[in-house]
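Undergrad: What follows is upload28.cif; its format and atoms are mmCIF, C-alpha atoms.
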data_final
loop_
_atom_site.label_atom_id
_atom_site.label_comp_id
_atom_site.auth_asym_id
_atom_site.auth_seq_id
_atom_site.Cartn_x
_atom_site.Cartn_y
_atom_site.Cartn_z
CA MET X 281 20.12 -16.31 3.27
CA SER X 282 18.00 -18.41 5.64
CA ASP X 283 19.80 -19.66 8.76
CA PRO X 284 18.60 -23.00 10.25
CA ASP X 285 19.92 -21.89 13.65
CA ASP X 286 18.03 -18.57 13.62
CA SER X 287 15.74 -18.61 16.67
CA LEU X 288 13.59 -15.87 15.14
CA ALA X 289 12.99 -17.64 11.82
CA LEU X 290 9.35 -18.34 10.97
CA ALA X 291 8.39 -21.57 9.21
CA GLU X 292 6.10 -19.82 6.71
CA TYR X 293 9.12 -18.03 5.26
CA ALA X 294 11.07 -21.22 4.55
CA PRO X 295 11.78 -21.31 0.79
CA GLY X 296 9.20 -23.41 -1.06
CA SER X 297 7.15 -24.22 2.05
CA ALA X 298 3.84 -23.23 0.45
CA ALA X 299 4.29 -24.17 -3.22
CA VAL X 300 1.37 -26.30 -4.42
CA LEU X 301 0.76 -25.51 -8.11
CA THR X 302 2.75 -26.38 -11.21
CA ASP X 303 4.05 -23.64 -13.50
CA ALA X 304 1.49 -24.65 -16.14
CA GLU X 305 -1.28 -24.01 -13.59
CA ARG X 306 0.22 -20.71 -12.48
CA TRP X 307 0.53 -19.33 -16.04
CA PRO X 308 -1.89 -21.12 -18.42
CA THR X 309 -0.78 -18.94 -21.36
CA MET X 310 2.97 -19.08 -20.72
CA ASP X 311 4.98 -19.55 -23.93
CA ALA X 312 8.56 -20.79 -24.40
CA ALA X 313 10.01 -17.29 -24.06
CA GLY X 314 8.13 -16.77 -20.81
CA ALA X 315 9.33 -20.10 -19.44
CA ALA X 316 12.92 -19.21 -20.28
CA ARG X 317 12.50 -15.82 -18.65
CA LEU X 318 11.16 -17.43 -15.48
CA ARG X 319 14.08 -19.86 -15.33
CA ARG X 320 16.54 -17.06 -15.81
CA TRP X 321 15.35 -15.03 -12.83
CA ARG X 322 14.75 -18.02 -10.60
CA ARG X 323 18.33 -19.19 -11.19
CA HIS X 324 20.03 -15.82 -11.42
CA PRO X 325 23.41 -16.12 -9.67
CA ALA X 326 22.69 -13.10 -7.47
CA ALA X 327 19.02 -13.90 -6.75
CA PRO X 328 17.88 -14.23 -3.15
CA ASP X 329 16.38 -17.44 -1.78
CA TRP X 330 12.91 -17.24 -3.30
CA VAL X 331 10.52 -18.01 -0.45
CA HIS X 332 7.33 -18.42 -2.43
CA ALA X 333 6.02 -19.25 -5.90
CA THR X 334 2.94 -17.62 -7.35
CA GLY X 335 1.38 -16.90 -10.74
CA ASP X 336 -1.58 -14.97 -12.11
CA ARG X 337 -3.53 -18.11 -13.22
CA LEU X 338 -5.08 -16.24 -16.15
CA THR X 339 -6.48 -17.93 -19.24
CA ALA X 340 -6.26 -16.14 -22.58
CA GLU X 341 -9.82 -14.81 -22.18
CA MET X 342 -9.05 -13.53 -18.69
CA VAL X 343 -5.88 -11.84 -19.90
CA GLU X 344 -7.91 -9.84 -22.42
CA ARG X 345 -10.57 -8.88 -19.86
CA THR X 346 -8.07 -7.66 -17.30
CA ARG X 347 -6.47 -5.23 -19.73
CA ARG X 348 -9.64 -3.12 -19.51
CA PRO X 349 -11.05 -1.44 -16.39
CA LEU X 350 -14.45 -2.56 -15.17
CA PRO X 351 -17.28 -0.31 -16.41
CA THR X 352 -18.52 2.15 -13.80
CA ASP X 353 -21.93 3.10 -15.22
CA GLY X 354 -24.56 1.96 -12.74
CA TRP X 355 -22.06 -0.08 -10.76
CA LEU X 356 -23.13 1.16 -7.32
CA GLU X 357 -26.74 0.00 -7.55
CA GLU X 358 -25.61 -3.35 -8.93
CA HIS X 359 -23.10 -3.60 -6.10
CA LEU X 360 -25.70 -2.87 -3.43
CA GLY X 361 -27.94 -5.50 -4.96
CA ALA X 362 -25.22 -8.09 -4.52
CA ALA X 363 -24.53 -6.93 -0.97
CA ARG X 364 -28.18 -7.31 0.06
CA ASN X 365 -27.79 -11.05 -0.47
CA LEU X 366 -24.81 -11.38 1.85
CA LEU X 367 -25.37 -13.30 5.05
CA ALA X 368 -23.96 -10.33 6.97
CA TYR X 369 -27.07 -8.27 6.14
CA ARG X 370 -29.76 -10.89 6.68
CA GLY X 371 -32.47 -9.68 9.05
CA LEU X 372 -31.51 -5.99 8.83
CA GLY X 373 -34.68 -4.96 7.03
CA ASP X 374 -35.03 -2.86 3.89
CA LEU X 375 -31.62 -1.74 2.70
CA ALA X 376 -32.95 0.37 -0.13
CA ALA X 377 -30.21 3.00 -0.31
CA LEU X 378 -26.51 3.17 0.45
CA THR X 379 -27.12 5.07 3.70
CA ASP X 380 -29.42 2.29 4.92
CA PHE X 381 -26.43 -0.03 5.22
CA PRO X 382 -24.73 0.11 8.63
CA PRO X 383 -21.05 1.05 8.45
CA ILE X 384 -18.69 -1.86 9.10
CA THR X 385 -15.12 -2.07 10.36
CA ARG X 386 -12.18 -4.40 9.99
CA GLN X 387 -13.33 -6.15 13.15
CA HIS X 388 -16.50 -7.32 11.39
CA LEU X 389 -14.31 -9.07 8.82
CA VAL X 390 -12.04 -10.53 11.48
CA ASP X 391 -15.05 -11.87 13.41
CA ASP X 392 -16.87 -13.50 10.47
CA LEU X 393 -15.33 -12.89 7.06
CA ALA X 394 -17.42 -15.61 5.37
CA THR X 395 -20.65 -13.64 5.84
CA PHE X 396 -19.25 -10.91 3.57
CA VAL X 397 -18.40 -13.32 0.73
CA PRO X 398 -21.23 -13.87 -1.81
CA LEU X 399 -22.89 -17.27 -1.59
CA ASP X 400 -22.47 -17.70 -5.35
CA ALA X 401 -18.82 -16.62 -5.38
CA ASP X 402 -16.59 -18.51 -7.82
CA LEU X 403 -13.99 -19.74 -5.35
CA ASP X 404 -11.98 -21.35 -8.15
CA ARG X 405 -10.85 -17.78 -8.97
CA MET X 406 -9.71 -17.10 -5.42
CA LEU X 407 -6.27 -16.22 -4.21
CA HIS X 408 -5.72 -15.18 -0.64
CA GLY X 409 -3.61 -12.43 0.77
CA THR X 410 -2.76 -11.61 4.36
CA SER X 411 -3.38 -8.15 5.77
CA SER X 412 -2.06 -7.44 9.26
CA GLY X 413 -3.55 -3.95 9.46
CA SER X 414 -1.94 -1.17 11.49
CA THR X 415 -3.15 -2.49 14.86
CA GLY X 416 -2.81 -6.26 14.49
CA ALA X 417 -5.66 -8.75 13.93
CA ALA X 418 -4.29 -10.48 10.85
CA LEU X 419 -6.91 -11.15 8.19
CA LEU X 420 -6.91 -13.53 5.22
CA ILE X 421 -8.62 -11.69 2.39
CA PRO X 422 -10.14 -13.50 -0.61
CA ASP X 423 -8.61 -11.98 -3.74
CA ASP X 424 -10.02 -12.50 -7.22
CA VAL X 425 -7.42 -13.43 -9.84
CA GLU X 426 -8.78 -11.02 -12.45
CA GLU X 427 -9.02 -8.17 -9.97
CA VAL X 428 -5.40 -8.67 -8.90
CA ALA X 429 -4.24 -8.67 -12.53
CA ARG X 430 -6.33 -5.59 -13.27
CA GLY X 431 -4.42 -3.78 -10.54
CA PHE X 432 -1.22 -4.04 -12.57
CA HIS X 433 -2.93 -2.46 -15.58
CA LEU X 434 -4.23 0.34 -13.34
CA MET X 435 -0.60 1.14 -12.56
CA VAL X 436 0.23 1.09 -16.27
CA SER X 437 -2.59 3.50 -17.05
CA LEU X 438 -1.50 5.91 -14.31
CA VAL X 439 2.08 5.94 -15.61
CA ARG X 440 1.00 6.41 -19.22
CA ALA X 441 -1.31 9.26 -18.17
CA GLN X 442 1.88 11.11 -17.16
CA GLY X 443 3.11 10.84 -20.74
CA ILE X 444 5.49 7.96 -19.99
CA ASP X 445 5.56 4.97 -22.32
CA TRP X 446 5.52 1.95 -20.06
CA SER X 447 5.75 -1.01 -22.44
CA PRO X 448 7.76 -4.25 -22.28
CA ASP X 449 11.45 -3.40 -22.54
CA GLY X 450 13.77 -6.25 -23.31
CA GLU X 451 14.41 -8.42 -20.26
CA ARG X 452 13.94 -5.72 -17.65
CA LEU X 453 11.58 -6.65 -14.84
CA ALA X 454 8.19 -5.07 -15.49
CA VAL X 455 7.81 -4.21 -11.83
CA ALA X 456 9.56 -4.90 -8.56
CA SER X 457 7.57 -4.83 -5.34
CA VAL X 458 10.03 -4.07 -2.55
CA VAL X 459 9.86 -4.47 1.21
CA PHE X 460 12.44 -3.92 3.93
CA GLN X 461 12.00 -6.31 6.83
CA ARG X 462 13.74 -9.17 8.56
CA GLN X 463 11.65 -11.91 6.90
CA ALA X 464 9.33 -11.58 3.94
CA PHE X 465 7.64 -13.47 1.15
CA THR X 466 9.78 -13.11 -1.96
CA TYR X 467 9.12 -14.56 -5.39
CA VAL X 468 9.58 -14.09 -9.09
CA SER X 469 6.57 -14.28 -11.38
CA LEU X 470 5.33 -13.42 -14.87
CA VAL X 471 2.76 -10.85 -15.93
CA SER X 472 0.73 -12.68 -18.57
CA GLY X 473 -0.94 -9.50 -19.83
CA PHE X 474 2.40 -7.71 -20.28
CA ALA X 475 4.02 -10.02 -22.84
CA HIS X 476 4.96 -12.46 -20.07
CA ARG X 477 7.56 -10.10 -18.68
CA ALA X 478 8.90 -10.95 -15.26
CA MET X 479 8.14 -9.22 -11.98
CA ALA X 480 9.46 -9.89 -8.50
CA ARG X 481 8.82 -9.24 -4.85
CA LEU X 482 12.14 -8.41 -3.20
CA ASN X 483 13.32 -7.82 0.35
CA LEU X 484 15.85 -4.98 0.40
CA ASP X 485 17.16 -5.97 3.84
CA THR X 486 20.76 -6.95 3.16
CA GLY X 487 20.32 -10.02 5.36
CA ALA X 488 17.88 -11.45 2.81
CA TRP X 489 20.62 -11.94 0.21
CA ARG X 490 23.10 -14.79 -0.01
CA ARG X 491 26.27 -12.77 -0.40
CA SER X 492 27.43 -9.23 0.02
CA GLY X 493 26.94 -7.47 -3.27
CA ASP X 494 24.12 -9.73 -4.51
CA ARG X 495 21.47 -7.10 -3.90
CA VAL X 496 23.19 -4.59 -6.15
CA ALA X 497 24.13 -7.21 -8.75
CA PHE X 498 20.59 -8.54 -9.05
CA LEU X 499 18.98 -5.11 -9.24
CA ARG X 500 21.53 -3.91 -11.78
CA ASP X 501 20.64 -6.81 -14.07
CA ALA X 502 16.89 -6.67 -13.41
CA ASP X 503 16.65 -2.84 -13.65
CA PRO X 504 12.88 -2.86 -12.94
CA GLN X 505 10.81 -0.49 -15.03
CA VAL X 506 8.61 0.41 -12.07
CA ILE X 507 9.27 -0.04 -8.36
CA ALA X 508 6.49 -0.21 -5.77
CA GLY X 509 6.75 -0.31 -2.00
CA HIS X 510 6.04 1.59 1.19
CA PRO X 511 8.09 4.62 2.26
CA THR X 512 10.47 2.60 4.44
CA SER X 513 11.50 0.37 1.54
CA LEU X 514 11.49 3.15 -1.07
CA ALA X 515 13.75 5.25 1.14
CA GLU X 516 16.37 2.50 0.81
CA LEU X 517 16.53 3.32 -2.91
CA LEU X 518 18.33 6.52 -1.93
CA GLN X 519 21.39 4.50 -0.90
CA PRO X 520 24.22 5.44 -3.33
CA GLU X 521 24.87 1.86 -4.44
CA LEU X 522 21.24 1.47 -5.56
CA ARG X 523 20.88 4.91 -7.11
CA GLY X 524 23.71 4.02 -9.41
CA VAL X 525 22.07 0.93 -10.94
CA LEU X 526 18.32 1.68 -11.12
CA HIS X 527 16.46 3.62 -13.82
CA PRO X 528 12.73 3.43 -12.99
CA LEU X 529 10.05 5.03 -15.11
CA ALA X 530 7.97 5.60 -11.97
CA LEU X 531 7.78 4.75 -8.28
CA PHE X 532 4.63 3.77 -6.40
CA SER X 533 4.29 4.30 -2.67
CA GLY X 534 1.50 2.79 -0.59
CA ALA X 535 0.52 1.20 2.73
CA MET X 536 1.50 4.28 4.75
CA ALA X 537 1.89 8.01 4.21
CA ILE X 538 4.98 9.20 2.37
CA SER X 539 6.35 12.55 3.45
CA GLY X 540 6.78 15.39 0.99
CA PRO X 541 10.55 15.60 1.52
CA LEU X 542 11.02 11.87 0.91
CA ARG X 543 8.97 12.02 -2.26
CA ALA X 544 10.97 15.05 -3.43
CA ASP X 545 14.26 13.25 -2.72
CA LEU X 546 13.13 10.21 -4.71
CA GLU X 547 11.98 12.40 -7.60
CA GLU X 548 15.32 14.18 -7.66
CA ALA X 549 17.28 10.93 -7.42
CA TYR X 550 15.46 9.15 -10.24
CA GLY X 551 13.89 11.89 -12.33
CA CYS X 552 10.51 10.16 -12.37
CA PRO X 553 7.08 10.64 -10.78
CA VAL X 554 6.30 9.13 -7.39
CA PHE X 555 2.69 7.97 -7.14
CA ASP X 556 1.35 8.19 -3.60
CA VAL X 557 -1.48 5.64 -3.55
CA TYR X 558 -4.10 5.60 -0.84
CA GLY X 559 -5.88 2.30 -0.37
CA LEU X 560 -6.25 -0.79 1.76
CA HIS X 561 -5.95 -4.45 0.86
CA GLU X 562 -9.64 -4.77 1.68
CA THR X 563 -10.75 -1.91 -0.58
CA ARG X 564 -7.98 -1.88 -3.22
CA PRO X 565 -6.63 1.50 -4.44
CA ILE X 566 -8.93 4.38 -3.56
CA ALA X 567 -7.09 7.56 -4.55
CA VAL X 568 -3.72 8.76 -5.79
CA ARG X 569 -1.59 11.89 -6.00
CA THR X 570 1.84 12.88 -7.32
CA ASP X 571 2.25 16.11 -5.33
CA ASP X 572 1.37 17.59 -1.93
CA GLY X 573 -2.24 18.30 -2.87
CA PRO X 574 -5.34 16.24 -2.16
CA PHE X 575 -5.55 12.62 -3.29
CA ARG X 576 -7.76 12.23 -6.36
CA VAL X 577 -10.35 9.46 -5.97
CA LEU X 578 -9.79 7.02 -8.82
CA ASP X 579 -12.32 6.59 -11.62
CA ARG X 580 -13.18 3.02 -10.75
CA ARG X 581 -15.71 1.12 -8.64
CA VAL X 582 -15.08 3.01 -5.45
CA HIS X 583 -17.35 5.40 -3.56
CA VAL X 584 -16.02 7.50 -0.67
CA GLU X 585 -17.95 9.00 2.23
CA VAL X 586 -16.73 10.80 5.35
CA LEU X 587 -18.55 9.89 8.56
CA ASP X 588 -18.55 11.18 12.12
CA ALA X 589 -18.18 8.95 15.17
CA GLU X 590 -21.91 8.11 15.12
CA GLY X 591 -21.83 7.04 11.47
CA THR X 592 -23.50 10.15 10.04
CA VAL X 593 -22.21 11.69 6.81
CA VAL X 594 -20.47 14.98 7.58
CA PRO X 595 -20.81 18.08 5.36
CA GLU X 596 -18.44 18.23 2.40
CA GLY X 597 -15.15 19.69 3.56
CA ALA X 598 -15.52 18.57 7.18
CA VAL X 599 -13.03 16.13 8.71
CA GLY X 600 -14.20 12.65 9.59
CA GLU X 601 -13.49 8.97 9.02
CA ILE X 602 -12.91 7.87 5.44
CA THR X 603 -15.53 5.22 4.63
CA VAL X 604 -15.40 3.29 1.38
CA THR X 605 -17.82 1.24 -0.69
CA ALA X 606 -15.61 -0.93 -2.89
CA GLY X 607 -16.78 -2.95 -5.87
CA GLU X 608 -13.62 -4.06 -7.65
CA ASN X 609 -13.26 -7.41 -5.85
CA PRO X 610 -16.29 -9.65 -6.53
CA LEU X 611 -15.27 -11.95 -3.68
CA LEU X 612 -15.52 -9.18 -1.08
CA PRO X 613 -18.19 -6.59 -2.04
CA LEU X 614 -17.70 -4.10 0.78
CA VAL X 615 -20.32 -1.49 1.64
CA ARG X 616 -19.51 1.49 3.87
CA TYR X 617 -16.22 0.12 5.18
CA ARG X 618 -14.78 2.38 7.86
CA THR X 619 -11.05 2.60 7.14
CA GLY X 620 -9.94 4.08 10.45
CA ASP X 621 -8.31 6.90 8.45
CA THR X 622 -9.33 10.52 8.76
CA GLY X 623 -9.61 13.23 6.12
CA ARG X 624 -12.09 15.44 4.30
CA LEU X 625 -13.64 15.44 0.85
CA VAL X 626 -12.92 18.28 -1.57
CA ARG X 627 -13.69 18.92 -5.22
CA PHE X 628 -11.19 19.61 -7.98
CA ALA X 629 -11.88 22.27 -10.57
CA ASP X 630 -12.87 19.59 -13.10
CA GLY X 631 -15.45 18.13 -10.72
CA GLY X 632 -13.31 15.22 -9.53
CA ILE X 633 -13.45 14.18 -5.89
CA GLY X 634 -10.39 14.50 -3.68
CA ILE X 635 -9.37 13.52 -0.16
CA ALA X 636 -7.49 16.22 1.73
CA ASP X 637 -5.73 16.25 5.11
CA LEU X 638 -5.35 12.47 5.04
CA GLU X 639 -3.27 11.38 7.99
CA GLY X 640 -3.77 7.65 7.53
CA ARG X 641 -5.14 5.86 10.59
CA GLU X 642 -3.79 8.52 12.90
CA ASN X 643 -6.15 11.26 14.01
CA THR X 644 -3.76 11.75 16.92
CA VAL X 645 -4.05 14.78 19.18
CA PHE X 646 -1.19 16.07 21.34
CA LEU X 647 -1.64 18.02 24.58
CA ALA X 648 0.23 21.29 25.05
CA THR X 649 1.25 22.43 28.54
CA ASP X 650 -1.48 25.13 28.55
CA GLY X 651 -4.18 22.55 27.79
CA ARG X 652 -4.45 23.21 24.06
CA ARG X 653 -5.11 20.15 21.89
CA ILE X 654 -2.76 20.10 18.91
CA PRO X 655 -3.82 17.91 15.94
CA CYS X 656 -1.06 15.84 14.38
CA VAL X 657 -1.57 17.54 11.00
CA ASP X 658 -0.03 20.68 12.55
CA LEU X 659 3.08 18.68 13.38
CA THR X 660 3.15 17.13 9.90
CA GLN X 661 3.23 20.55 8.25
CA GLN X 662 6.18 21.68 10.37
CA LEU X 663 8.13 18.43 10.06
CA GLN X 664 7.84 18.45 6.28
CA THR X 665 8.69 22.15 6.06
CA HIS X 666 11.97 21.44 7.83
CA GLY X 667 12.89 18.52 5.59
CA ALA X 668 12.06 15.42 7.63
CA ARG X 669 11.63 12.34 5.43
CA GLY X 670 9.95 10.38 8.18
CA TRP X 671 9.30 10.61 11.91
CA SER X 672 7.95 9.03 15.06
CA ILE X 673 6.50 11.42 17.64
CA GLU X 674 5.19 9.91 20.88
CA GLN X 675 3.69 11.70 23.88
CA ALA X 676 3.60 9.94 27.25
CA ALA X 677 0.78 10.33 29.77
CA ASP X 678 2.84 12.92 31.66
CA GLY X 679 3.08 15.03 28.50
CA SER X 680 6.73 14.38 27.72
CA ILE X 681 7.66 13.92 24.06
CA ASP X 682 9.87 11.30 22.41
CA ALA X 683 10.70 12.68 18.94
CA ARG X 684 12.70 10.86 16.27
CA ILE X 685 13.13 12.12 12.72
CA VAL X 686 14.87 10.91 9.59
CA GLY X 687 16.69 13.59 7.65
CA GLY X 688 15.82 17.25 7.98
CA ASP X 689 16.98 20.01 10.30
CA ALA X 690 16.84 18.61 13.85
CA ASP X 691 17.48 21.99 15.48
CA ALA X 692 14.65 23.62 13.58
CA VAL X 693 12.32 20.72 14.37
CA GLU X 694 13.18 21.03 18.06
CA ARG X 695 12.29 24.73 17.98
CA VAL X 696 8.96 24.33 16.21
CA LEU X 697 7.80 21.31 18.23
CA SER X 698 8.75 23.07 21.45
CA ALA X 699 6.80 26.14 20.35
CA LEU X 700 3.76 24.11 19.28
CA LEU X 701 3.61 22.03 22.45
CA GLY X 702 4.87 24.59 24.95
CA ARG X 703 7.54 22.27 26.35
CA ASP X 704 11.16 21.43 25.66
CA VAL X 705 11.45 18.70 23.03
CA ASP X 706 14.65 16.80 22.33
CA VAL X 707 14.86 15.44 18.80
CA ARG X 708 16.96 12.46 17.74
CA ARG X 709 17.91 12.48 14.07
CA TYR X 710 18.60 9.39 11.96
CA GLU X 711 19.81 9.00 8.40
CA ARG X 712 17.69 6.06 7.21
CA LEU X 713 13.97 5.48 7.53
CA ILE X 714 14.47 1.83 8.47
CA GLU X 715 16.00 3.05 11.75
CA LEU X 716 12.50 3.98 12.92
CA GLY X 717 11.53 0.30 12.71
CA GLU X 718 10.60 -2.36 10.18
CA GLY X 719 7.40 -2.43 8.18
CA LYS X 720 4.97 0.40 8.88
CA PRO X 721 6.11 2.32 11.98
CA ARG X 722 3.46 4.53 13.53
CA ARG X 723 4.14 8.22 12.92
CA TYR X 724 2.21 9.51 15.94
CA ARG X 725 1.13 8.25 19.35
CA SER X 726 -0.23 10.15 22.32
CA ALA X 727 -1.28 8.93 25.74
CA ALA X 728 -1.97 12.49 26.92
CA GLY X 729 -4.32 13.95 24.29
#
Please, can you express the file's structure as structure tokens?

TA:
Amino acid sequence: MSDPDDSLALAEYAPGSAAVLTDAERWPTMDAAGAARLRRWRRHPAAPDWVHATGDRLTAEMVERTRRPLPTDGWLEEHLGAARNLLAYRGLGDLAALTDFPPITRQHLVDDLATFVPLDADLDRMLHGTSSGSTGAALLIPDDVEEVARGFHLMVSLVRAQGIDWSPDGERLAVASVVFQRQAFTYVSLVSGFAHRAMARLNLDTGAWRRSGDRVAFLRDADPQVIAGHPTSLAELLQPELRGVLHPLALFSGAMAISGPLRADLEEAYGCPVFDVYGLHETRPIAVRTDDGPFRVLDRRVHVEVLDAEGTVVPEGAVGEITVTAGENPLLPLVRYRTGDTGRLVRFADGGIGIADLEGRENTVFLATDGRRIPCVDLTQQLQTHGARGWSIEQAADGSIDARIVGGDADAVERVLSALLGRDVDVRRYERLIELGEGKPRRYRSAAG
């Protein structure tokens, strides 16, 4: 519950501070049953203080369109045509082919986002979302209402492709998006294209709830069909009091890498698939996997390249920076967006494209005492083999190592890290992922490599 005397409280998280639309404007197709459902969850006796209010703003025609994925035939050439008219590319000469476009980075968007928004963009369809990135530089991203709604139906299609019937089920929440942090935007909403079933964004931090026991009581009643979050928040679902009240059809993990042991623990706890989604707010979902293999690039308007430091495409199978051309969001038609993540492209037996060895913004190299440079992927393999659900490994300029793990065999991890790096490594073991820090803690840092 919010505390008026909390010196760390931020004004933007005050309940209702940003509400500007009426319910009729948020859900143009809302019927009486949907309105009653909304009231029920807003006023639920165990509900948290809802900080925000938001809706999908879809008309009946938009609801029907968003149930279907955008066609992909010929999309790339059409996309490049739209990009050529962006102010960002004025004066750059003939941009005839994809490789003629200069790669861009997040900093380009931070410096002048407006030049990457089409001049004829329909801003009446715009929502905005904040992306802080992994290294700061917060960015307000223009989101298209239909594209955001289509993202929910992408999740539905992925779940159904696993043979699971995800359809409206009584008064269960359709989906709960969960975070675990001191302050967060929380809200309850309706999914117009899913029979006006409710969804919610929830903060699993116990301090976000009015009374002890409210978190369990609310989740028991809501029993969300699907739960989405990042590994830190999903790891909280392993707490016994939550395991006993939740029955998800599927879990979705994003925003940061989920370890194999954590995914396995969640699968065992809930008997459902865990979708590991790779994507950025700027690009939308790029690829997904449900095992330890490569991520499969989604069959949507997304094109993936791997570039070297100079911006040249590397041979297939070589490691480089994941660079994405993304055409799902008409308000931000990105071309050759350097993600800061490293990996390599591979092909599946059926011809599909995959991304392997994805470390997610962290091509960190550690320095062994004999001068060898040890890539962080070597540490990842050992940490997962010995059961760590999460970790933070930092090397100081003098070569010393600060190693913290969640779960797993600390003695075994000490042995393998010491052997890899040629130095004694002390490992501190924790039980809960949140103990590594809120939000998206960095897995690797090195000032020596």

Undergrad: To one decimal place in Å, what is the distance between CA of Ile714 (chain X) and CA of His510 (chain X)?

TA: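 Atom-to-atom, CA of Ile714 (chain X) and CA of His510 (chain X) are spaced 11.1 Å apart.
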
Undergrad: Report the distance between CA of Val582 (chain X) and CA of Asp391 (chain X) in Å, rounded to one decimal place.

TA: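 Separation between CA of Val582 (chain X) and CA of Asp391 (chain X): 24.0 Å.
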
Undergrad: Applied to the shown file, which residues does the PyMOL selection byres ((chain X and resi 633) around 10) return, written as JSON, numbers by chain?

TA: {"X": [567, 574, 575, 576, 577, 578, 579, 583, 584, 625, 626, 627, 628, 629, 630, 631, 632, 634, 635, 636]}

Undergrad: Can you turn the PyMOL selection byres ((chain X and resi 337) around 9) into a concrete residue list for this file, as a list in words?

TA: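 For this structure, the PyMOL selection byres ((chain X and resi 337) around 9) resolves to Ala304, Glu305, Arg306, Trp307, Pro308, Thr309, Thr334, Gly335, Asp336, Leu338, Thr339, Arg405, Val425, Glu426 and Ser472 of chain X.
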
Undergrad: Find, counting all atoms listed in the file, the residue in X:Phe646, X:Tyr550, X:Trp355, X:Tyr558 that gets nearest to Gly702 (chain X).

TA: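 Checking each candidate against Gly702 (chain X), we get X:Phe646 as the closest.
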
Undergrad: For Tyr617 (chain X), which of X:Pro328, X:Gly591, X:Gly679, X:Pro422 is the closest residue, counting only C-alpha atoms?

TA: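 Nearest to Tyr617 (chain X): X:Gly591.
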
Undergrad: How close does each residue of region 596-638 of chain X get to region 357-364 of chain X, giving the shortest atom pair and distance in Å to one decimal for every residue with an atom at most 12 Å away, counting only C-alpha atoms, sorted by chain and residue number, as a tab-separated table?

TA:
residue	atom	partner	partner_atom	distance
X:Thr605	CA	X:His359	CA	9.0
X:Ala606	CA	X:His359	CA	8.6
X:Gly607	CA	X:His359	CA	6.4
X:Glu608	CA	X:His359	CA	9.6
X:Asn609	CA	X:His359	CA	10.6
X:Pro610	CA	X:His359	CA	9.1
X:Leu611	CA	X:Ala362	CA	10.7
X:Leu612	CA	X:Ala363	CA	9.3
X:Pro613	CA	X:Ala363	CA	6.4
X:Leu614	CA	X:Ala363	CA	7.6
X:Val615	CA	X:Ala363	CA	7.4
X:Arg616	CA	X:Leu360	CA	10.5

Undergrad: Report, in Å with one decimal, the straight-line distance from CA of Asp637 (chain X) to CA of Thr592 (chain X).

TA: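 Spanning CA of Asp637 (chain X) to CA of Thr592 (chain X) is a straight-line distance of 19.4 Å.
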
Undergrad: Please identify all polymer residues within 7 Å of Pro504 (chain X), counting only C-alpha atoms, omitting same-chain residues fewer than 2 positions from it, and present them as number ranges by chain.

TA: X: 452-456, 502, 506-507, 528

Undergrad: So that I can check the surroundings of Ala327 (chain X), please list as an mmCIF file with C-alpha atoms, keeping the file's coordinate frame every protein, DNA and RNA residue that reaches within 8 Å of it, counting all atoms listed in the file and ignoring chain neighbours fewer than 6 positions away.

TA:
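The result, written out as part-v4.cif:
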data_model
loop_
_atom_site.group_PDB
_atom_site.id
_atom_site.type_symbol
_atom_site.label_atom_id
_atom_site.label_comp_id
_atom_site.auth_asym_id
_atom_site.auth_seq_id
_atom_site.Cartn_x
_atom_site.Cartn_y
_atom_site.Cartn_z
ATOM 1 C CA TRP X 321 15.350 -15.030 -12.830
ATOM 2 C CA TRP X 489 20.620 -11.940 0.210
ATOM 3 C CA ARG X 490 23.100 -14.790 -0.010
ATOM 4 C CA ASP X 494 24.120 -9.730 -4.510
ATOM 5 C CA ARG X 495 21.470 -7.100 -3.900
ATOM 6 C CA PHE X 498 20.590 -8.540 -9.050
#

Undergrad: For Val458 (chain X), which of X:Thr660, X:Asn483, X:Gln442, X:Thr665 is the closest residue, counting only C-alpha atoms?

TA: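 Answer, going by the shortest atom-to-atom distance: X:Asn483.
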
Undergrad: Write out N, CA and C atoms for region 382-388 of chain X, as a PDB file, in the coordinates of the input.

TA:
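Final output, saved to part19.pdb:
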ATOM      1  N   PRO X 382     -25.536  -0.322   7.475  1.00  0.00           N
ATOM      2  CA  PRO X 382     -24.730   0.110   8.630  1.00  0.00           C
ATOM      3  C   PRO X 382     -23.256   0.088   8.280  1.00  0.00           C
ATOM      4  N   PRO X 383     -22.493   1.087   8.681  1.00  0.00           N
ATOM      5  CA  PRO X 383     -21.050   1.050   8.450  1.00  0.00           C
ATOM      6  C   PRO X 383     -20.429  -0.163   9.142  1.00  0.00           C
ATOM      7  N   ILE X 384     -19.397  -0.720   8.522  1.00  0.00           N
ATOM      8  CA  ILE X 384     -18.690  -1.860   9.100  1.00  0.00           C
ATOM      9  C   ILE X 384     -17.221  -1.499   9.292  1.00  0.00           C
ATOM     10  N   THR X 385     -16.531  -2.294  10.083  1.00  0.00           N
ATOM     11  CA  THR X 385     -15.120  -2.070  10.360  1.00  0.00           C
ATOM     12  C   THR X 385     -14.327  -3.344  10.076  1.00  0.00           C
ATOM     13  N   ARG X 386     -13.047  -3.232  10.177  1.00  0.00           N
ATOM     14  CA  ARG X 386     -12.180  -4.400   9.990  1.00  0.00           C
ATOM     15  C   ARG X 386     -12.566  -5.526  10.960  1.00  0.00           C
ATOM     16  N   GLN X 387     -12.999  -5.139  12.167  1.00  0.00           N
ATOM     17  CA  GLN X 387     -13.330  -6.150  13.150  1.00  0.00           C
ATOM     18  C   GLN X 387     -14.477  -7.041  12.686  1.00  0.00           C
ATOM     19  N   HIS X 388     -15.421  -6.491  11.936  1.00  0.00           N
ATOM     20  CA  HIS X 388     -16.500  -7.320  11.390  1.00  0.00           C
ATOM     21  C   HIS X 388     -15.931  -8.420  10.490  1.00  0.00           C
TER      22      HIS X 388
END
